[in-house]
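Take a look at the structure below.
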Amino acid sequence: MPLIEARGLTKKFRQAVKEPGLVGSLKHFFTRQYKDKLAVDHIDLSVEAGESVAYLGPNGAGKSTTIKMLTGILVPTSGSLVVDGLVPYERRQQNARKIGVVFGQRTQLWWDIPVVESFNLARDMYEIPPRRYKENLGQFTEMLGLAEFMNIPAGKISLGQRMRADLCMALLHDPKLLYLDEPTIGLDIAVKDRIRKFIRSRVEERGTTVMLTTHDLGDIEDICKRIVIIDNGKIIHDGDLAKLKDTYARDRVIHFQLARPPESIEPICAELPACELATDGLRLSVRFDRFVFAAGEIAAAVMSHVEVVDFRIDEPEVEALIRKVYLGQLSLDSPSQPAPAVVEA
Amino acid sequence: MSHIRKYRSLARTSLEITFVYRAGFVLNMIGTVFYVVAMFYLWQTIFLGNPGSLSGFTWPEMKAYLLVAFLLNSLLTWYDEWIMSQDIREGRVAVDLARPIDFQAARFAGAMGPVPFEFCSALAVGAIVATVFGGIALPADPVHAALFLVTCALATLVKFGIVYCVSMTAFWTTGIEGIVVSRIAIQNIFSGALIPLVFFPDVLRGIAAVLPFQAMISTPALTYLGKLDGPTTLFMIGVQAFWAIGLAIAGRLMWRRAVRAVTINGG
């Protein structure tokens, strides 16, 4: 039985339609007009315990709405949803006890009181046993480097500090499930790194299931094995990150730095059919399909003809790939089934 | 029992935040003191023109009435519709919803946290005003003094109920300001905060009797002065309890409807 099981999950919002200007406002005052918007449109999603899932999509695709339904904040318009044996919006409080939530745009901390007191409140709200609390707080403080601002009100710390404190707060009660809604938004590289490392440690050590929405693809590669892409409220891709790369990012490029300009690249081309070669002075790059050639074969072929000083391989860029998906340049029609094909008997 | 603990912590935090904004609290207090003093002089003038009693109120009783009104108006001032509706409008409610707490109970804890502090401050200020002006009626007898405390507690519950229900309208309207201002205006009239209800014409008194506001000030003040006979006092306490419970239920229903029907902003 999956930890999260959604079938035909749908959320429809009613948006007020208002014409611009004073006349429009006046009209709206008397005759309200509304338009329905399907924020989430019949999605099926199942997540096994211990999985780490990146939930991606352009702005307004329905990511946050889905997360809010999963956490029990929003009531679905239709469809079924079970999270760890509970319907979140019916058993909101019970569900809340088992989950940790971080909204990147919104803090959980109390603005006016020292950070550590917010943690103490979490201890009382989640009824965390004192020993467990002390242990976790000690460990998280060290891993996230919270000591320096522990006694400062949340309103007076920096964004990076706030996010670290928020993450700590969300995990103090050892939730089974962690929802992260853009956890690294607006942060510098060092803080991002620290946060990702911390989340990874939770996944690996405690088996915490993570569901992450982000626009930062570094988050995905560091934390998640599976990616789900939603657009216009519909899931347009669900699968393994490695498989996605294999399917849609087969091309790799090796860049060689040469000792002297090659006289001709014809002989190399002849050895490497179906590869694209390009030269520019002392540089030579070869684009190849990694299922046709191994990188070693390419290197060997090049080195047998010219003297190579240095080389590097470009990894397939997930970012470029996902951008293509968003723009509709890539249709991900084949792997629309959830990756783990384990369904209850 | 551990359930109590989380709400107690929330209440304590709310009190702590009041201390953070102590300047605002003190200014608010000074403002109400000026108001009370102004009311004192106003009524003094009226009583000077009508020595003896007015609609059964003597001048010392009237002073006591005004101080009781001041005391009750000083409670639940901090955590009001503005904070709650802001939380709703700016979507901070989402954070609360993701927590294992009951929304209404959490708001109640937040509202009640500063009350003991507000009560003591108002009592201190009231004592000073009383000493300066002198000649203030004391509670009719110990029984009425005890009953007075009960009516104060119930009055606070009623006030919370009203404030909570008004806050809930923030889910449906973006302009809650107007509603809050109306609530305060209506409350000032029908609670008896400005003028004891006995001074009202029959029609207005009839309206006041069926509204919850009189439970907030009129009932405790009249109980303090022993103006009501035994059965009537108990009946009025019953009315207070009715409103306290009724408004709590109404608030719960509004909340449930709001969560079902309305989008939490910011998603």
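Every chain in the structure tokens has a letter given in the order shown (A, B, ...), and although residue numbers restart at 1 in each chain, ligands are simply numbered from 1 in the order shown.
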
In region 20-120 of chain A, DSSP strand (DSSP E) residues written as a count of residues only = 31

Any chance you could list, as JSON, numbers by chain, the residues in region 30-200 of chain B that come up helix (DSSP H, G or I) when DSSP is run on the backbone?
-> {"B": [30, 31, 32, 33, 34, 35, 36, 37, 38, 39, 40, 41, 42, 43, 44, 45, 46, 47, 48, 49, 59, 60, 61, 62, 63, 64, 65, 66, 67, 68, 69, 70, 71, 72, 73, 81, 82, 83, 84, 85, 86, 87, 88, 89, 93, 94, 95, 96, 97, 103, 104, 105, 106, 107, 108, 109, 110, 111, 112, 115, 116, 117, 118, 119, 120, 121, 122, 123, 124, 125, 126, 127, 128, 129, 130, 131, 132, 133, 142, 143, 144, 145, 146, 147, 148, 149, 150, 151, 152, 153, 154, 155, 156, 157, 158, 159, 160, 161, 162, 163, 164, 165, 166, 167, 168, 169, 170, 171, 176, 177, 178, 179, 180, 181, 182, 183, 184, 185, 186, 187, 188, 189, 190, 197, 198, 199]}

Rows by chain and residue number, chain B within 9 Å of chain A, shortest pair, only C-alpha atoms, as a Markdown table:
| residue | atom | partner | partner_atom | distance |
| --- | --- | --- | --- | --- |
| B:Ser2 | CA | A:Glu127 | CA | 7.2 |
| B:His3 | CA | A:Met125 | CA | 8.1 |
| B:Arg5 | CA | A:Asp124 | CA | 6.5 |
| B:Lys6 | CA | A:Asp124 | CA | 4.8 |
| B:Tyr7 | CA | A:Met125 | CA | 7.8 |
| B:Ser9 | CA | A:Leu121 | CA | 6.4 |
| B:Leu10 | CA | A:Leu121 | CA | 7.2 |
| B:Thr13 | CA | A:Ile113 | CA | 8.0 |
| B:Glu16 | CA | A:Ile113 | CA | 7.7 |
| B:Ile17 | CA | A:Asp112 | CA | 6.3 |
| B:Val20 | CA | A:Asp112 | CA | 7.1 |
| B:Gly91 | CA | A:Arg106 | CA | 8.9 |
| B:Arg92 | CA | A:Arg106 | CA | 7.5 |
| B:Val93 | CA | A:Ile73 | CA | 8.9 |
| B:Ala94 | CA | A:Ile73 | CA | 6.2 |
| B:Val95 | CA | A:Gln108 | CA | 6.3 |
| B:Asp96 | CA | A:Gln108 | CA | 8.4 |
| B:Leu97 | CA | A:Ile73 | CA | 5.6 |
| B:Ala98 | CA | A:Ala96 | CA | 5.5 |
| B:Arg99 | CA | A:Ala96 | CA | 5.2 |
| B:Pro100 | CA | A:Gln93 | CA | 4.2 |
| B:Ile101 | CA | A:Gln93 | CA | 6.2 |
| B:Asp102 | CA | A:Gln93 | CA | 7.4 |
| B:Val259 | CA | A:Leu74 | CA | 7.3 |
| B:Arg260 | CA | A:Val75 | CA | 6.1 |
| B:Ala261 | CA | A:Val75 | CA | 8.3 |
| B:Val262 | CA | A:Phe13 | CA | 8.5 |
| B:Thr263 | CA | A:Phe13 | CA | 7.1 |
| B:Ile264 | CA | A:Leu74 | CA | 7.4 |
| B:Gly267 | CA | A:Ser64 | CA | 5.9 |

Between CA of Asp188 (chain A) and CA of Asp240 (chain A), what is the spacing in Å?
->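 So the answer is 27.8 Å.
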
Which residues, written as a list in words, have at least one atom at most 9 Å from Leu222 (chain B), with only C-alpha atoms counted and residues fewer than 5 positions away on the same chain left out?
-> Tyr65, Phe148, Ile217, Lys227, Leu228 and Thr233 of chain B

Keeping all heavy atoms for every residue in the selection just given, could you write it to a file as a compact mmCIF listing (two decimals), in the first residue's frame?
# COMPACT_ATOMS: atom_id res chain seq x y z
N TYR B 65 -19.98 51.73 37.57
CA TYR B 65 -20.43 51.19 36.27
C TYR B 65 -19.40 51.50 35.19
O TYR B 65 -19.00 50.64 34.41
CB TYR B 65 -21.79 51.79 35.91
CG TYR B 65 -22.40 51.20 34.65
CD1 TYR B 65 -23.35 50.19 34.73
CD2 TYR B 65 -22.02 51.65 33.38
CE1 TYR B 65 -23.90 49.63 33.59
CE2 TYR B 65 -22.56 51.10 32.24
CZ TYR B 65 -23.51 50.10 32.35
OH TYR B 65 -24.05 49.54 31.21
N PHE B 148 -19.95 38.47 40.08
CA PHE B 148 -19.38 39.43 39.14
C PHE B 148 -18.21 38.81 38.38
O PHE B 148 -18.09 38.93 37.15
CB PHE B 148 -18.93 40.69 39.89
CG PHE B 148 -18.08 41.62 39.08
CD1 PHE B 148 -18.59 42.25 37.95
CD2 PHE B 148 -16.75 41.86 39.43
CE1 PHE B 148 -17.80 43.11 37.20
CE2 PHE B 148 -15.96 42.72 38.68
CZ PHE B 148 -16.48 43.34 37.56
N ILE B 217 -21.03 43.74 28.81
CA ILE B 217 -20.76 44.77 29.81
C ILE B 217 -21.93 44.99 30.77
O ILE B 217 -21.76 44.99 31.99
CB ILE B 217 -20.36 46.09 29.12
CG1 ILE B 217 -18.95 45.92 28.55
CG2 ILE B 217 -20.41 47.27 30.10
CD1 ILE B 217 -18.44 47.04 27.74
N LYS B 227 -27.87 45.29 41.00
CA LYS B 227 -29.08 45.93 40.48
C LYS B 227 -30.15 44.93 40.09
O LYS B 227 -31.29 45.29 39.84
CB LYS B 227 -28.74 46.78 39.24
CG LYS B 227 -27.94 48.03 39.55
CD LYS B 227 -28.85 49.19 39.87
CE LYS B 227 -28.05 50.37 40.38
NZ LYS B 227 -28.87 51.25 41.23
N LEU B 228 -29.72 43.66 39.92
CA LEU B 228 -30.69 42.65 39.50
C LEU B 228 -31.02 41.77 40.70
O LEU B 228 -30.15 41.50 41.52
CB LEU B 228 -30.08 41.78 38.40
CG LEU B 228 -29.45 42.53 37.21
CD1 LEU B 228 -28.66 41.56 36.34
CD2 LEU B 228 -30.53 43.24 36.40
N THR B 233 -30.48 37.72 38.05
CA THR B 233 -29.03 37.58 37.90
C THR B 233 -28.69 36.22 37.31
O THR B 233 -27.94 36.11 36.34
CB THR B 233 -28.33 37.71 39.28
OG1 THR B 233 -28.78 38.91 39.90
CG2 THR B 233 -26.82 37.75 39.12

Can you pull out every residue within 8 Å of region 242-247 of chain B, counting only C-alpha atoms, but drop anything in the same chain fewer than 3 positions away, and send it as a list in words?
->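 Non-adjacent residues within range: Leu154, Ala155, Leu157, Val158, Gly161, Ile162, Cys165, Pro212, Ala215, Gly238, Val239, Ala250 and Gly251 of chain B.
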
Residue nearest Arg183 (chain B) among B:Val125, B:Ala69, B:Ala140, B:Val163 (counting only C-alpha atoms) |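 Checking each candidate against Arg183 (chain B), we get B:Val163 as the closest.
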
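With distances restricted to only C-alpha atoms, A:Val325 is the closest residue to His237 (chain A) from A:Val325, A:Leu212, A:Leu167, A:Ala301.
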
Neighbour list for Gly113 (chain B) as a list of chain:residue names, cut-off 10 Å, only C-alpha atoms, skip fewer than 2 positions in-chain |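 Using only C-alpha atoms, the neighbours found are B:Tyr7, B:Arg8, B:Ser9, B:Leu10, B:Ala11, B:Arg12, B:Thr13, B:Ser14, B:Leu15, B:Glu16, B:Ile17, B:Thr18, B:Leu76, B:Trp78, B:Tyr79, B:Arg107, B:Phe108, B:Ala109, B:Gly110, B:Ala111, B:Val115, B:Pro116, B:Phe117, B:Glu118.
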
Residues just named, written with N, CA, C and O atoms as a tab-separated table (two decimals), in the first residue's frame:
chain	number	residue	atom	x	y	z
B	7	TYR	N	-2.07	24.19	23.94
B	7	TYR	CA	-2.81	25.45	23.89
B	7	TYR	C	-2.31	26.42	24.97
B	7	TYR	O	-2.31	27.62	24.77
B	8	ARG	N	-1.86	25.84	26.07
B	8	ARG	CA	-1.28	26.69	27.10
B	8	ARG	C	-0.01	27.36	26.57
B	8	ARG	O	0.23	28.53	26.79
B	9	SER	N	0.78	26.58	25.84
B	9	SER	CA	1.99	27.16	25.26
B	9	SER	C	1.66	28.27	24.27
B	9	SER	O	2.34	29.28	24.20
B	10	LEU	N	0.61	28.03	23.48
B	10	LEU	CA	0.20	29.06	22.52
B	10	LEU	C	-0.25	30.32	23.24
B	10	LEU	O	0.06	31.43	22.82
B	11	ALA	N	-0.96	30.13	24.35
B	11	ALA	CA	-1.43	31.28	25.12
B	11	ALA	C	-0.25	32.05	25.70
B	11	ALA	O	-0.19	33.28	25.64
B	12	ARG	N	0.72	31.29	26.20
B	12	ARG	CA	1.89	31.94	26.80
B	12	ARG	C	2.66	32.73	25.74
B	12	ARG	O	3.10	33.85	25.97
B	13	THR	N	2.78	32.14	24.56
B	13	THR	CA	3.47	32.84	23.47
B	13	THR	C	2.77	34.14	23.13
B	13	THR	O	3.40	35.17	22.91
B	14	SER	N	1.45	34.07	23.09
B	14	SER	CA	0.68	35.26	22.76
B	14	SER	C	0.92	36.37	23.79
B	14	SER	O	1.07	37.54	23.44
B	15	LEU	N	0.98	35.97	25.05
B	15	LEU	CA	1.27	36.94	26.11
B	15	LEU	C	2.66	37.55	25.92
B	15	LEU	O	2.86	38.76	26.03
B	16	GLU	N	3.60	36.66	25.55
B	16	GLU	CA	4.97	37.11	25.35
B	16	GLU	C	5.03	38.15	24.22
B	16	GLU	O	5.77	39.14	24.30
B	17	ILE	N	4.26	37.89	23.18
B	17	ILE	CA	4.25	38.82	22.04
B	17	ILE	C	3.66	40.17	22.46
B	17	ILE	O	4.11	41.22	22.02
B	18	THR	N	2.67	40.13	23.37
B	18	THR	CA	2.12	41.39	23.88
B	18	THR	C	3.22	42.21	24.55
B	18	THR	O	3.28	43.42	24.40
B	76	LEU	N	-9.12	41.35	25.95
B	76	LEU	CA	-9.19	40.91	24.56
B	76	LEU	C	-9.05	42.07	23.59
B	76	LEU	O	-9.79	42.16	22.62
B	78	TRP	N	-5.95	42.97	22.43
B	78	TRP	CA	-4.75	42.76	21.63
B	78	TRP	C	-5.03	41.86	20.44
B	78	TRP	O	-4.73	42.18	19.30
B	79	TYR	N	-5.60	40.71	20.75
B	79	TYR	CA	-5.72	39.68	19.74
B	79	TYR	C	-7.11	39.77	19.14
B	79	TYR	O	-8.04	39.13	19.58
B	107	ARG	N	-6.85	29.85	18.31
B	107	ARG	CA	-7.16	31.29	18.35
B	107	ARG	C	-7.61	31.69	19.75
B	107	ARG	O	-7.29	32.75	20.24
B	108	PHE	N	-8.38	30.81	20.35
B	108	PHE	CA	-8.88	31.09	21.69
B	108	PHE	C	-7.70	31.22	22.66
B	108	PHE	O	-7.63	32.17	23.45
B	109	ALA	N	-6.77	30.28	22.55
B	109	ALA	CA	-5.58	30.33	23.42
B	109	ALA	C	-4.81	31.62	23.17
B	109	ALA	O	-4.39	32.30	24.11
B	110	GLY	N	-4.67	31.96	21.88
B	110	GLY	CA	-3.96	33.18	21.54
B	110	GLY	C	-4.63	34.42	22.10
B	110	GLY	O	-3.98	35.36	22.56
B	111	ALA	N	-5.96	34.40	22.08
B	111	ALA	CA	-6.71	35.56	22.58
B	111	ALA	C	-6.66	35.64	24.10
B	111	ALA	O	-6.60	36.71	24.68
B	115	VAL	N	-4.94	37.95	28.51
B	115	VAL	CA	-6.05	38.44	29.34
B	115	VAL	C	-5.68	38.67	30.81
B	115	VAL	O	-5.99	39.73	31.36
B	116	PRO	N	-4.98	37.73	31.47
B	116	PRO	CA	-4.63	37.99	32.88
B	116	PRO	C	-3.82	39.28	33.02
B	116	PRO	O	-4.04	40.06	33.96
B	117	PHE	N	-2.93	39.50	32.07
B	117	PHE	CA	-2.11	40.71	32.10
B	117	PHE	C	-2.98	41.95	31.87
B	117	PHE	O	-2.86	42.96	32.59
B	118	GLU	N	-3.87	41.86	30.88
B	118	GLU	CA	-4.77	42.98	30.60
B	118	GLU	C	-5.65	43.27	31.81
B	118	GLU	O	-5.87	44.43	32.18

Take CA of Ile322 (chain A) and CA of Gly233 (chain A) and report the distance between them in Å, one decimal.
-> 16.6 Å

Please, what distance in Å, to one decimal, runs between CA of Val286 (chain A) and CA of Ala242 (chain A)?
->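 Going from CA of Val286 (chain A) over to CA of Ala242 (chain A), I get 22.4 Å.
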